[in-house]
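Some notes on the structure that comes next.
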Amino acid sequence: MDLLTDGLFYAGHITQEQLNEHETLEHLIDNNVITIEFVIKFVVDEIRLGKYEISFLKAYPFLSEEAILEKLAEVMKVQFMDLDSFDVDFRTAEKLPFVQLQKFRALPLFQDELSVTVVFADPLDIEATESIQRLFPRKPIQIAIATPKQINIYLQKMELKDSVKELVTNIRNELNSIGTLEEQQEASSVLKLIEVLLKSCIKSRGSDIHIEPTEKNCVVRTRIDGKLSEMFLFDKDIYPPLASRLKLLANLDIAEKRKPQDGRFSYEVAEAEFDFRISTLPILYGESIVMRVLDKERALIRLDEAGMDKVNYKKLHKSLQAPFGIILVTGPTGSGKTTTLYGALNELRNVAEKVITVEDPVEYRMNLIQQVQVNTKVGLTFAAALRSILRQDPDKIMIGEIRDKETLEIAIKSALTGHLVISTLHTNDSVSAITRMSDMGIAPYLISGAVVAIQAQRLLRKICLSCKKEAVLPQLILNDYKKYIPEGTVFYEGEGCRECNNSGFFGREMICEVLEISETISSMIARGSNKEEILTKAIEEGFIGMFSNAMDKAIAGITTLEEVISVAKES
């Protein structure tokens with residue numbers, strides 16, 4: 001027996017017969033032999049008596065650490081703090097040695113005239129509380145509780161702040177010694193800081209950089225493998241020169257802070273040139289600035305290298321050889337549709353044919369392809385550009401996104417008059433694209449005659465190979481998906497390491513489904529058959545859904561079962 005089950009057994013809360021029948025404490029809770037609330041109360045009582053340490057909770061993932069610490073705070077009559085719920089002012093914490101805070105897993109949050117509030121990962125650690133109290137000799141400390149994970153994250157934020165401390169000091173010195181606003185924006189330390197931000201983002205494989213002013217700080221986050229991760233934290237006074245300098249780089253109006261602006265600039269990082277697409281949005285404490293990193297090498301990726309399995313790649317490749325028709329790539333924002341379009345363009349471009357694209361904006365510049373950027377200010381919309389393109393004698397057309405009926409109508413007419421058109425549409429799966437086009441007002445007979453294939457896709461995170469380990473999954477989850485899981489399957493997960501920034505994941509891979517429009521399915525679309533009827537027929541013809549594709553990746557040990565469940569939906 002494990003420590004907790006042993007304690008409940010010897011305290012008389014569970015019997016040997018119950019253990020024989022259910023084997024584990026998790027099964028006992030799942031089968032209502034003992035309630036989760038009772039177990040939490042028992043754990044809190046044992047922690048207070050010194051029989052268990054808070055760290056022992058790691059062995060019981062089915063017990064909420066937060067719920068236990070909230071109960072402990074209630075019993076001890078102290079405050080439980082969710083550190084993410086308010087803007088932490090680090091000036092109080094910075095007065096203390098960082099090594100001490102790290103050792104005792106404590107973080108001073110704020111102080112008033114009477115006391116200093118300090119959160120502890122273990123409020124019952126007498127040495128920790130007494131040592132922190134000695135660092136505030138003139139004021140008593142008020143103990144509060146937060147989860148160890150949150151405290152570690154905020155201590156890491158302090159470390160990040162410390163890593164650019166010298167640069168921030170130089171920026172302040174320059175701002176104090178320089179008089180005019182123009183000179184402040186040209187200050188060399190601000191440019192160095194921007195270079196540090198861009199280098200750090202690219203080194204950590206970030207796709208976007210978010211610079212967000214709060215009431216007390218300036219937070220810099222980057223999106224890695226689809227999830228935002230905090231990179232740097234500055235005091236609020238660093239934000240104005242940083243924001244102004246970025247606007248200058250992108251040729252934006254630095255005086256305009258009341259309305260959104262969009263721009264673009266190029267910057268050389270580690271001897272490679274990157275394009276950055278910048279967007280500003282007025283928010284409560286300034287402007288939210290987001291920069292999309294456009295790596296030119298990503299545009300040259302092959303579809304089979306992006307994670308497409310052989311079966312789906314073969315279907316899409318065959319569709320791209322069609323002399324005319326429309327091929328749609330569907331999925332939500334951030335699902336890799338643009339990368340797939342560029343991968344398809346790589347396979348289509350050649351000297352013998354004219355390929356023209358309409359994009360908003362043009363993300364990657366490619367040879368042998370004529371790229372048109374939408375400009376709504378002068379009336380160059382997707383639809384207007386498409387009309388002009390048809391007079392340019394194209395063989396193949398790529399439309400960045402179909403957003404309205406007019407664009408869709410022209411795209412379908414182009415497909416029916418001898419052009420191959422590829423584009424994107426926002427739907428959750430491939431069959432739904434047919435319904436969406438009907439809802440947009442396109443006649444079913446036009447859809448059936450024009451559409452060649454529809455691909456739906458998502459991106460899921462891959463397990464980090466440096467910390468990959470066998471995963472132990474709850475039986476209830478395995479039972480829910482047993483029809484997909486062959487006997488003897490071993491699932492894996494990432495433990496978290498320096499390589500993957502403690503996320504357990506490194507990189508992303510595409511999951512997809514490709515619906516080929518056969519003669520039978522084309523007839524069904526023309527007759528107005530519903531989604532379920534079309535899907536049933538497609539499965540008969542060999543269609544493999546996205547969930548099955550994702551499960552294959554989990555079974556192969558590429559990703560986790562939890563990631564599959566969170567990204568793909570069982571059809």
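Lettering and numbering for the structure tokens are positional, with chains as A, B, ... in the shown order, residues counted from 1 in each chain, and ligands counted from 1 in the shown order.
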Might you pull out every residue within 10 Å of Leu390 in chain A, with only C-alpha atoms counted and same-chain residues fewer than 4 positions away left off, and present them as number ranges by chain?
-> A: 356, 385-386, 394-395, 397, 410, 414, 417, 419
Would you save the residues from that selection as a tab-separated table (two decimals), in the first residue's frame, using all heavy atoms?
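Printed below is selection-v3.tsv as written:
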```tsv
chain	number	residue	atom	x	y	z
A	356	ILE	N	-0.88	32.43	-59.34
A	356	ILE	CA	-1.10	33.75	-58.71
A	356	ILE	C	-1.80	33.53	-57.36
A	356	ILE	O	-2.69	32.69	-57.24
A	356	ILE	CB	-1.98	34.66	-59.60
A	356	ILE	CG1	-1.37	34.80	-61.00
A	356	ILE	CG2	-2.13	36.04	-58.97
A	356	ILE	CD1	-2.16	35.69	-61.94
A	385	ALA	N	-9.60	41.50	-56.38
A	385	ALA	CA	-8.33	40.95	-56.87
A	385	ALA	C	-8.56	39.72	-57.74
A	385	ALA	O	-7.93	39.56	-58.79
A	385	ALA	CB	-7.42	40.61	-55.69
A	386	LEU	N	-9.51	38.87	-57.32
A	386	LEU	CA	-9.81	37.65	-58.08
A	386	LEU	C	-10.32	37.96	-59.48
A	386	LEU	O	-9.96	37.29	-60.44
A	386	LEU	CB	-10.84	36.81	-57.32
A	386	LEU	CG	-10.29	35.77	-56.34
A	386	LEU	CD1	-11.41	35.15	-55.54
A	386	LEU	CD2	-9.53	34.69	-57.08
A	394	PRO	N	-4.12	32.95	-65.56
A	394	PRO	CA	-3.47	32.06	-64.59
A	394	PRO	C	-3.80	30.59	-64.88
A	394	PRO	O	-4.82	30.28	-65.51
A	394	PRO	CB	-4.09	32.49	-63.27
A	394	PRO	CG	-5.47	32.93	-63.65
A	394	PRO	CD	-5.37	33.50	-65.04
A	395	ASP	N	-2.95	29.70	-64.41
A	395	ASP	CA	-3.26	28.27	-64.44
A	395	ASP	C	-3.76	27.82	-63.06
A	395	ASP	O	-4.69	27.02	-62.96
A	395	ASP	CB	-2.00	27.46	-64.80
A	395	ASP	CG	-1.53	27.77	-66.21
A	395	ASP	OD1	-2.24	27.37	-67.15
A	395	ASP	OD2	-0.48	28.41	-66.37
A	397	ILE	N	-4.59	29.21	-58.92
A	397	ILE	CA	-4.86	30.38	-58.08
A	397	ILE	C	-4.90	29.95	-56.62
A	397	ILE	O	-5.51	28.93	-56.28
A	397	ILE	CB	-6.22	31.03	-58.45
A	397	ILE	CG1	-6.24	31.46	-59.92
A	397	ILE	CG2	-6.53	32.21	-57.54
A	397	ILE	CD1	-7.63	31.81	-60.43
A	410	ILE	N	-16.79	33.68	-56.91
A	410	ILE	CA	-15.77	33.86	-57.96
A	410	ILE	C	-14.80	32.68	-57.96
A	410	ILE	O	-14.38	32.21	-59.03
A	410	ILE	CB	-15.01	35.20	-57.77
A	410	ILE	CG1	-15.99	36.38	-57.82
A	410	ILE	CG2	-13.93	35.38	-58.83
A	410	ILE	CD1	-15.40	37.69	-57.34
A	414	SER	N	-14.21	30.27	-61.06
A	414	SER	CA	-12.84	30.08	-61.58
A	414	SER	C	-12.53	28.60	-61.71
A	414	SER	O	-11.93	28.16	-62.70
A	414	SER	CB	-11.82	30.74	-60.65
A	414	SER	OG	-12.10	32.09	-60.46
A	417	THR	N	-14.28	27.05	-64.64
A	417	THR	CA	-13.86	27.51	-65.98
A	417	THR	C	-12.40	27.14	-66.26
A	417	THR	O	-11.72	27.84	-67.02
A	417	THR	CB	-14.05	29.03	-66.12
A	417	THR	OG1	-13.38	29.69	-65.01
A	417	THR	CG2	-15.51	29.41	-66.13
A	419	HIS	N	-9.65	26.47	-63.98
A	419	HIS	CA	-8.51	26.81	-63.12
A	419	HIS	C	-8.51	25.91	-61.88
A	419	HIS	O	-9.56	25.54	-61.38
A	419	HIS	CB	-8.59	28.27	-62.66
A	419	HIS	CG	-8.66	29.25	-63.78
A	419	HIS	ND1	-9.86	29.70	-64.30
A	419	HIS	CD2	-7.69	29.84	-64.51
A	419	HIS	CE1	-9.63	30.54	-65.29
A	419	HIS	NE2	-8.31	30.65	-65.45
```
Using DSSP on the backbone coordinates, identify all residues within range 189-373 of chain A classified as strand (DSSP E); present the result as a PyMOL selection string.
-> chain A and resi 206-213+217-224+227-235+261-269+272-283+286-294+325-330+355-359+369-373
Distance query Asp275 in chain A at most 8 Å, only C-alpha atoms, self and fewer than 5 positions along chain excluded, as a VMD selection string = chain A and resid 264 to 267 293 to 296
Residues of the last selection are to be written out with all heavy atoms, as an mmCIF file, in the first residue's frame.
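result11.cif written:
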```cif
data_model
loop_
_atom_site.group_PDB
_atom_site.id
_atom_site.type_symbol
_atom_site.label_atom_id
_atom_site.label_comp_id
_atom_site.auth_asym_id
_atom_site.auth_seq_id
_atom_site.Cartn_x
_atom_site.Cartn_y
_atom_site.Cartn_z
ATOM 1 N N ARG A 264 5.058 46.058 -40.646
ATOM 2 C CA ARG A 264 5.971 44.946 -40.904
ATOM 3 C C ARG A 264 7.405 45.473 -40.915
ATOM 4 O O ARG A 264 7.655 46.599 -41.324
ATOM 5 C CB ARG A 264 5.610 44.343 -42.266
ATOM 6 C CG ARG A 264 6.323 43.070 -42.637
ATOM 7 C CD ARG A 264 5.882 42.645 -44.036
ATOM 8 N NE ARG A 264 6.462 41.351 -44.387
ATOM 9 C CZ ARG A 264 5.780 40.297 -44.741
ATOM 10 N NH1 ARG A 264 4.477 40.351 -44.818
ATOM 11 N NH2 ARG A 264 6.381 39.161 -45.053
ATOM 12 N N PHE A 265 8.356 44.661 -40.433
ATOM 13 C CA PHE A 265 9.768 45.027 -40.554
ATOM 14 C C PHE A 265 10.612 43.762 -40.638
ATOM 15 O O PHE A 265 10.161 42.674 -40.276
ATOM 16 C CB PHE A 265 10.221 45.918 -39.388
ATOM 17 C CG PHE A 265 10.223 45.246 -38.034
ATOM 18 C CD1 PHE A 265 11.371 44.624 -37.544
ATOM 19 C CD2 PHE A 265 9.081 45.237 -37.230
ATOM 20 C CE1 PHE A 265 11.385 44.017 -36.292
ATOM 21 C CE2 PHE A 265 9.081 44.629 -35.983
ATOM 22 C CZ PHE A 265 10.235 44.017 -35.512
ATOM 23 N N SER A 266 11.825 43.924 -41.140
ATOM 24 C CA SER A 266 12.765 42.806 -41.222
ATOM 25 C C SER A 266 13.902 43.052 -40.242
ATOM 26 O O SER A 266 14.276 44.209 -39.997
ATOM 27 C CB SER A 266 13.327 42.671 -42.636
ATOM 28 O OG SER A 266 12.302 42.324 -43.528
ATOM 29 N N TYR A 267 14.437 41.986 -39.697
ATOM 30 C CA TYR A 267 15.529 42.113 -38.721
ATOM 31 C C TYR A 267 16.424 40.893 -38.837
ATOM 32 O O TYR A 267 15.933 39.775 -38.987
ATOM 33 C CB TYR A 267 14.958 42.223 -37.305
ATOM 34 C CG TYR A 267 15.797 43.030 -36.345
ATOM 35 C CD1 TYR A 267 15.586 44.391 -36.178
ATOM 36 C CD2 TYR A 267 16.806 42.434 -35.598
ATOM 37 C CE1 TYR A 267 16.342 45.150 -35.294
ATOM 38 C CE2 TYR A 267 17.576 43.178 -34.711
ATOM 39 C CZ TYR A 267 17.338 44.537 -34.575
ATOM 40 O OH TYR A 267 18.106 45.272 -33.701
ATOM 41 N N VAL A 293 6.323 36.103 -36.028
ATOM 42 C CA VAL A 293 7.631 35.793 -36.610
ATOM 43 C C VAL A 293 7.409 35.034 -37.913
ATOM 44 O O VAL A 293 6.782 33.975 -37.929
ATOM 45 C CB VAL A 293 8.479 34.927 -35.645
ATOM 46 C CG1 VAL A 293 9.851 34.645 -36.253
ATOM 47 C CG2 VAL A 293 8.617 35.605 -34.297
ATOM 48 N N LEU A 294 7.915 35.579 -39.010
ATOM 49 C CA LEU A 294 7.770 34.945 -40.321
ATOM 50 C C LEU A 294 9.133 34.432 -40.774
ATOM 51 O O LEU A 294 9.983 35.201 -41.233
ATOM 52 C CB LEU A 294 7.201 35.938 -41.344
ATOM 53 C CG LEU A 294 5.848 36.571 -40.972
ATOM 54 C CD1 LEU A 294 5.461 37.629 -41.977
ATOM 55 C CD2 LEU A 294 4.768 35.509 -40.853
ATOM 56 N N ASP A 295 9.343 33.146 -40.578
ATOM 57 C CA ASP A 295 10.593 32.506 -40.970
ATOM 58 C C ASP A 295 10.464 32.038 -42.414
ATOM 59 O O ASP A 295 9.625 31.192 -42.723
ATOM 60 C CB ASP A 295 10.868 31.316 -40.039
ATOM 61 C CG ASP A 295 12.187 30.629 -40.328
ATOM 62 O OD1 ASP A 295 12.842 31.008 -41.316
ATOM 63 O OD2 ASP A 295 12.544 29.704 -39.584
ATOM 64 N N LYS A 296 11.285 32.593 -43.301
ATOM 65 C CA LYS A 296 11.161 32.293 -44.731
ATOM 66 C C LYS A 296 11.351 30.809 -45.030
ATOM 67 O O LYS A 296 10.810 30.291 -46.000
ATOM 68 C CB LYS A 296 12.177 33.125 -45.519
ATOM 69 C CG LYS A 296 11.826 34.607 -45.495
ATOM 70 C CD LYS A 296 12.936 35.488 -45.995
ATOM 71 C CE LYS A 296 12.553 36.946 -45.822
ATOM 72 N NZ LYS A 296 13.629 37.852 -46.213
#
```
Got a sec: who's within 10 Å of range 440-454 of chain A, counting only C-alpha atoms, leaving out chain neighbours fewer than 4 positions off, as JSON, numbers by chain?
-> {"A": [315, 316, 318, 319, 320, 322, 324, 325, 326, 327, 328, 329, 330, 403, 404, 405, 406, 408, 409, 411, 412, 413, 414, 415, 416, 417, 418, 420, 421, 422, 423, 424, 425, 429, 430, 431, 432, 433, 434, 435, 436, 513, 514, 515, 516, 517, 518, 519, 521, 522, 523, 524, 525, 526, 527, 528, 529]}
Spatial neighbours of Tyr492 in chain A, 10 Å, only C-alpha atoms, chain gap at least 6 places, as a ChimeraX atom specification = /A:463,468-473,554-561
What lies within 12 Å of Gln373 in chain A using only C-alpha atoms, ignoring chain neighbours under 5 positions off, as an mmCIF file with all heavy atoms, in the first residue's frame?
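New file part22.cif:
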```cif
data_model
loop_
_atom_site.group_PDB
_atom_site.id
_atom_site.type_symbol
_atom_site.label_atom_id
_atom_site.label_comp_id
_atom_site.auth_asym_id
_atom_site.auth_seq_id
_atom_site.Cartn_x
_atom_site.Cartn_y
_atom_site.Cartn_z
ATOM 1 N N ILE A 356 -0.877 32.434 -59.336
ATOM 2 C CA ILE A 356 -1.105 33.746 -58.708
ATOM 3 C C ILE A 356 -1.799 33.533 -57.362
ATOM 4 O O ILE A 356 -2.694 32.691 -57.237
ATOM 5 C CB ILE A 356 -1.979 34.661 -59.602
ATOM 6 C CG1 ILE A 356 -1.368 34.798 -61.002
ATOM 7 C CG2 ILE A 356 -2.125 36.040 -58.972
ATOM 8 C CD1 ILE A 356 -2.164 35.694 -61.937
ATOM 9 N N THR A 357 -1.382 34.303 -56.354
ATOM 10 C CA THR A 357 -2.012 34.209 -55.029
ATOM 11 C C THR A 357 -2.632 35.548 -54.647
ATOM 12 O O THR A 357 -2.171 36.602 -55.087
ATOM 13 C CB THR A 357 -0.995 33.823 -53.938
ATOM 14 O OG1 THR A 357 -0.153 34.956 -53.656
ATOM 15 C CG2 THR A 357 -0.140 32.642 -54.353
ATOM 16 N N VAL A 358 -3.691 35.492 -53.827
ATOM 17 C CA VAL A 358 -4.266 36.692 -53.205
ATOM 18 C C VAL A 358 -4.218 36.454 -51.711
ATOM 19 O O VAL A 358 -4.822 35.498 -51.210
ATOM 20 C CB VAL A 358 -5.745 36.914 -53.608
ATOM 21 C CG1 VAL A 358 -6.186 38.308 -53.216
ATOM 22 C CG2 VAL A 358 -5.952 36.692 -55.078
ATOM 23 N N GLU A 359 -3.494 37.296 -50.982
ATOM 24 C CA GLU A 359 -3.274 37.059 -49.554
ATOM 25 C C GLU A 359 -3.500 38.326 -48.745
ATOM 26 O O GLU A 359 -3.366 39.431 -49.252
ATOM 27 C CB GLU A 359 -1.842 36.543 -49.319
ATOM 28 C CG GLU A 359 -1.504 35.290 -50.117
ATOM 29 C CD GLU A 359 -0.024 34.965 -50.064
ATOM 30 O OE1 GLU A 359 0.483 34.694 -48.962
ATOM 31 O OE2 GLU A 359 0.634 35.000 -51.122
ATOM 32 N N ASP A 360 -3.804 38.157 -47.483
ATOM 33 C CA ASP A 360 -3.999 39.286 -46.576
ATOM 34 C C ASP A 360 -3.418 38.946 -45.197
ATOM 35 O O ASP A 360 -4.111 38.386 -44.359
ATOM 36 C CB ASP A 360 -5.488 39.619 -46.456
ATOM 37 C CG ASP A 360 -5.734 40.843 -45.576
ATOM 38 O OD1 ASP A 360 -4.787 41.652 -45.410
ATOM 39 O OD2 ASP A 360 -6.855 40.985 -45.047
ATOM 40 N N PRO A 361 -2.144 39.298 -44.939
ATOM 41 C CA PRO A 361 -1.164 39.864 -45.862
ATOM 42 C C PRO A 361 -0.346 38.744 -46.518
ATOM 43 O O PRO A 361 -0.543 37.575 -46.213
ATOM 44 C CB PRO A 361 -0.272 40.669 -44.911
ATOM 45 C CG PRO A 361 -0.257 39.841 -43.664
ATOM 46 C CD PRO A 361 -1.628 39.202 -43.569
ATOM 47 N N VAL A 362 0.605 39.139 -47.393
ATOM 48 C CA VAL A 362 1.541 38.166 -47.955
ATOM 49 C C VAL A 362 2.546 37.832 -46.858
ATOM 50 O O VAL A 362 3.313 38.695 -46.435
ATOM 51 C CB VAL A 362 2.280 38.741 -49.198
ATOM 52 C CG1 VAL A 362 3.373 37.794 -49.657
ATOM 53 C CG2 VAL A 362 1.285 39.004 -50.317
ATOM 54 N N GLU A 363 2.508 36.593 -46.369
ATOM 55 C CA GLU A 363 3.370 36.231 -45.245
ATOM 56 C C GLU A 363 4.764 35.821 -45.696
ATOM 57 O O GLU A 363 5.756 36.184 -45.085
ATOM 58 C CB GLU A 363 2.724 35.110 -44.417
ATOM 59 C CG GLU A 363 1.484 35.564 -43.678
ATOM 60 C CD GLU A 363 1.098 34.650 -42.534
ATOM 61 O OE1 GLU A 363 1.822 33.672 -42.278
ATOM 62 O OE2 GLU A 363 0.064 34.913 -41.897
ATOM 63 N N TYR A 364 4.843 35.003 -46.764
ATOM 64 C CA TYR A 364 6.138 34.524 -47.243
ATOM 65 C C TYR A 364 6.256 34.827 -48.739
ATOM 66 O O TYR A 364 5.330 34.570 -49.499
ATOM 67 C CB TYR A 364 6.279 33.006 -47.022
ATOM 68 C CG TYR A 364 6.095 32.580 -45.591
ATOM 69 C CD1 TYR A 364 4.920 31.947 -45.169
ATOM 70 C CD2 TYR A 364 7.091 32.802 -44.642
ATOM 71 C CE1 TYR A 364 4.747 31.565 -43.849
ATOM 72 C CE2 TYR A 364 6.925 32.421 -43.326
ATOM 73 C CZ TYR A 364 5.758 31.807 -42.931
ATOM 74 O OH TYR A 364 5.588 31.426 -41.616
ATOM 75 N N ARG A 365 7.394 35.343 -49.130
ATOM 76 C CA ARG A 365 7.614 35.659 -50.539
ATOM 77 C C ARG A 365 8.251 34.463 -51.241
ATOM 78 O O ARG A 365 9.227 33.911 -50.755
ATOM 79 C CB ARG A 365 8.498 36.899 -50.644
ATOM 80 C CG ARG A 365 7.811 38.142 -50.069
ATOM 81 C CD ARG A 365 8.765 39.335 -49.992
ATOM 82 N NE ARG A 365 8.033 40.549 -49.607
ATOM 83 C CZ ARG A 365 7.887 40.956 -48.354
ATOM 84 N NH1 ARG A 365 8.397 40.255 -47.361
ATOM 85 N NH2 ARG A 365 7.220 42.066 -48.077
ATOM 86 N N VAL A 378 -7.878 50.812 -50.583
ATOM 87 C CA VAL A 378 -7.992 51.288 -51.968
ATOM 88 C C VAL A 378 -8.958 50.427 -52.786
ATOM 89 O O VAL A 378 -8.995 50.502 -54.013
ATOM 90 C CB VAL A 378 -6.596 51.332 -52.657
ATOM 91 C CG1 VAL A 378 -5.689 52.323 -51.970
ATOM 92 C CG2 VAL A 378 -5.962 49.954 -52.720
ATOM 93 N N GLY A 379 -9.740 49.593 -52.077
ATOM 94 C CA GLY A 379 -10.750 48.774 -52.756
ATOM 95 C C GLY A 379 -10.242 47.463 -53.321
ATOM 96 O O GLY A 379 -10.964 46.776 -54.056
ATOM 97 N N LEU A 380 -8.984 47.082 -52.989
ATOM 98 C CA LEU A 380 -8.443 45.810 -53.479
ATOM 99 C C LEU A 380 -8.792 44.702 -52.481
ATOM 100 O O LEU A 380 -7.996 44.316 -51.640
ATOM 101 C CB LEU A 380 -6.924 45.904 -53.673
ATOM 102 C CG LEU A 380 -6.232 44.681 -54.312
ATOM 103 C CD1 LEU A 380 -6.772 44.394 -55.702
ATOM 104 C CD2 LEU A 380 -4.728 44.875 -54.360
ATOM 105 N N THR A 381 -10.029 44.211 -52.582
ATOM 106 C CA THR A 381 -10.493 43.130 -51.716
ATOM 107 C C THR A 381 -10.159 41.785 -52.368
ATOM 108 O O THR A 381 -9.674 41.744 -53.500
ATOM 109 C CB THR A 381 -12.014 43.227 -51.511
ATOM 110 O OG1 THR A 381 -12.639 43.119 -52.803
ATOM 111 C CG2 THR A 381 -12.410 44.538 -50.849
ATOM 112 N N PHE A 382 -10.439 40.690 -51.661
ATOM 113 C CA PHE A 382 -10.235 39.352 -52.235
ATOM 114 C C PHE A 382 -11.017 39.216 -53.543
ATOM 115 O O PHE A 382 -10.497 38.751 -54.554
ATOM 116 C CB PHE A 382 -10.686 38.264 -51.247
ATOM 117 C CG PHE A 382 -9.644 37.892 -50.234
ATOM 118 C CD1 PHE A 382 -9.771 38.262 -48.908
ATOM 119 C CD2 PHE A 382 -8.523 37.151 -50.603
ATOM 120 C CE1 PHE A 382 -8.820 37.920 -47.974
ATOM 121 C CE2 PHE A 382 -7.565 36.794 -49.678
ATOM 122 C CZ PHE A 382 -7.702 37.177 -48.360
ATOM 123 N N ALA A 384 -12.272 41.610 -55.564
ATOM 124 C CA ALA A 384 -11.797 42.513 -56.627
ATOM 125 C C ALA A 384 -10.497 41.988 -57.231
ATOM 126 O O ALA A 384 -10.315 42.023 -58.459
ATOM 127 C CB ALA A 384 -11.586 43.914 -56.044
ATOM 128 N N ALA A 385 -9.599 41.498 -56.384
ATOM 129 C CA ALA A 385 -8.327 40.953 -56.874
ATOM 130 C C ALA A 385 -8.565 39.723 -57.744
ATOM 131 O O ALA A 385 -7.932 39.555 -58.790
ATOM 132 C CB ALA A 385 -7.420 40.606 -55.694
ATOM 133 N N LEU A 386 -9.513 38.872 -57.319
ATOM 134 C CA LEU A 386 -9.808 37.651 -58.078
ATOM 135 C C LEU A 386 -10.321 37.963 -59.479
ATOM 136 O O LEU A 386 -9.961 37.291 -60.445
ATOM 137 C CB LEU A 386 -10.844 36.807 -57.322
ATOM 138 C CG LEU A 386 -10.285 35.771 -56.339
ATOM 139 C CD1 LEU A 386 -11.412 35.155 -55.538
ATOM 140 C CD2 LEU A 386 -9.526 34.694 -57.078
ATOM 141 N N MET A 398 -4.242 30.723 -55.754
ATOM 142 C CA MET A 398 -4.356 30.476 -54.312
ATOM 143 C C MET A 398 -5.011 31.689 -53.662
ATOM 144 O O MET A 398 -4.573 32.824 -53.859
ATOM 145 C CB MET A 398 -2.972 30.233 -53.688
ATOM 146 C CG MET A 398 -3.057 29.797 -52.222
ATOM 147 S SD MET A 398 -2.988 31.149 -51.051
ATOM 148 C CE MET A 398 -1.254 31.208 -50.661
ATOM 149 N N ILE A 399 -6.080 31.452 -52.907
ATOM 150 C CA ILE A 399 -6.769 32.525 -52.183
ATOM 151 C C ILE A 399 -6.488 32.306 -50.699
ATOM 152 O O ILE A 399 -6.807 31.249 -50.148
ATOM 153 C CB ILE A 399 -8.292 32.487 -52.439
ATOM 154 C CG1 ILE A 399 -8.582 32.497 -53.942
ATOM 155 C CG2 ILE A 399 -8.984 33.645 -51.745
ATOM 156 C CD1 ILE A 399 -10.011 32.139 -54.299
ATOM 157 N N GLY A 400 -5.899 33.313 -50.055
ATOM 158 C CA GLY A 400 -5.508 33.173 -48.651
ATOM 159 C C GLY A 400 -6.639 32.724 -47.749
ATOM 160 O O GLY A 400 -6.457 31.877 -46.882
#
```
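The closest residue to Leu19 in chain A, picked from A:Leu72, A:Ile289, A:Ala272, A:Val33 and counting only C-alpha atoms, is A:Val33.
The interatomic distance for the pair CA of Leu155 in chain A and CA of Gln102 in chain A works out to 7.1 Å.
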Test item, alpha helix (DSSP H) assignment across range 427-493 of chain A, answer as a PyMOL selection string = chain A and resi 430-439+444-450+475-480
Generate the output file for the selected residues, C-alpha atoms, as a PDB file, in the first residue's frame.
```pdb
ATOM      1  CA  SER A 430     -13.947  18.527 -43.810  1.00  0.00           C
ATOM      2  CA  VAL A 431     -17.604  17.529 -44.320  1.00  0.00           C
ATOM      3  CA  SER A 432     -18.806  20.710 -42.535  1.00  0.00           C
ATOM      4  CA  ALA A 433     -17.187  22.779 -45.323  1.00  0.00           C
ATOM      5  CA  ILE A 434     -19.907  21.570 -47.721  1.00  0.00           C
ATOM      6  CA  THR A 435     -22.636  22.728 -45.322  1.00  0.00           C
ATOM      7  CA  ARG A 436     -20.828  26.048 -44.762  1.00  0.00           C
ATOM      8  CA  MET A 437     -20.713  26.779 -48.507  1.00  0.00           C
ATOM      9  CA  SER A 438     -24.448  26.030 -48.795  1.00  0.00           C
ATOM     10  CA  ASP A 439     -25.125  28.335 -45.808  1.00  0.00           C
ATOM     11  CA  PRO A 444     -25.434  22.584 -54.202  1.00  0.00           C
ATOM     12  CA  TYR A 445     -24.943  21.748 -57.923  1.00  0.00           C
ATOM     13  CA  LEU A 446     -22.154  24.387 -58.142  1.00  0.00           C
ATOM     14  CA  ILE A 447     -20.410  22.970 -55.051  1.00  0.00           C
ATOM     15  CA  SER A 448     -20.610  19.393 -56.372  1.00  0.00           C
ATOM     16  CA  GLY A 449     -19.188  20.403 -59.748  1.00  0.00           C
ATOM     17  CA  ALA A 450     -16.317  22.529 -58.396  1.00  0.00           C
ATOM     18  CA  GLN A 475      -8.474   3.312 -16.508  1.00  0.00           C
ATOM     19  CA  LEU A 476     -11.647   5.355 -17.027  1.00  0.00           C
ATOM     20  CA  ILE A 477     -10.014   7.333 -19.874  1.00  0.00           C
ATOM     21  CA  LEU A 478      -8.590   4.163 -21.446  1.00  0.00           C
ATOM     22  CA  ASN A 479     -12.065   2.559 -21.311  1.00  0.00           C
ATOM     23  CA  ASP A 480     -13.626   5.562 -23.093  1.00  0.00           C
TER      24      ASP A 480
END
```
Rounded to one decimal place, report the CA of Phe42 in chain A-CA of Asp84 in chain A distance in Å.
-> 28.0 Å
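CA of Ala568 in chain A to CA of Arg292 in chain A spans 25.2 Å [interatomic distance, one decimal].
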Within 12 Å of Ser64 in chain A, counting only C-alpha atoms, which residues show up once you throw out same-chain ones fewer than 6 positions away? Write them as JSON, numbers by chain, please.
-> {"A": [36, 37, 39, 40, 43, 54, 57, 58, 70, 71, 147]}
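Distance check against Asn549 in chain A using only C-alpha atoms: of A:Gln156, A:Asn20, A:Gln457, A:Asn251, the minimum falls on A:Gln457.
Distances from A:Leu3, A:Leu198, A:Leu96, A:Val168 to Tyr239 in chain A were compared using only C-alpha atoms, and the smallest one belongs to A:Val168.
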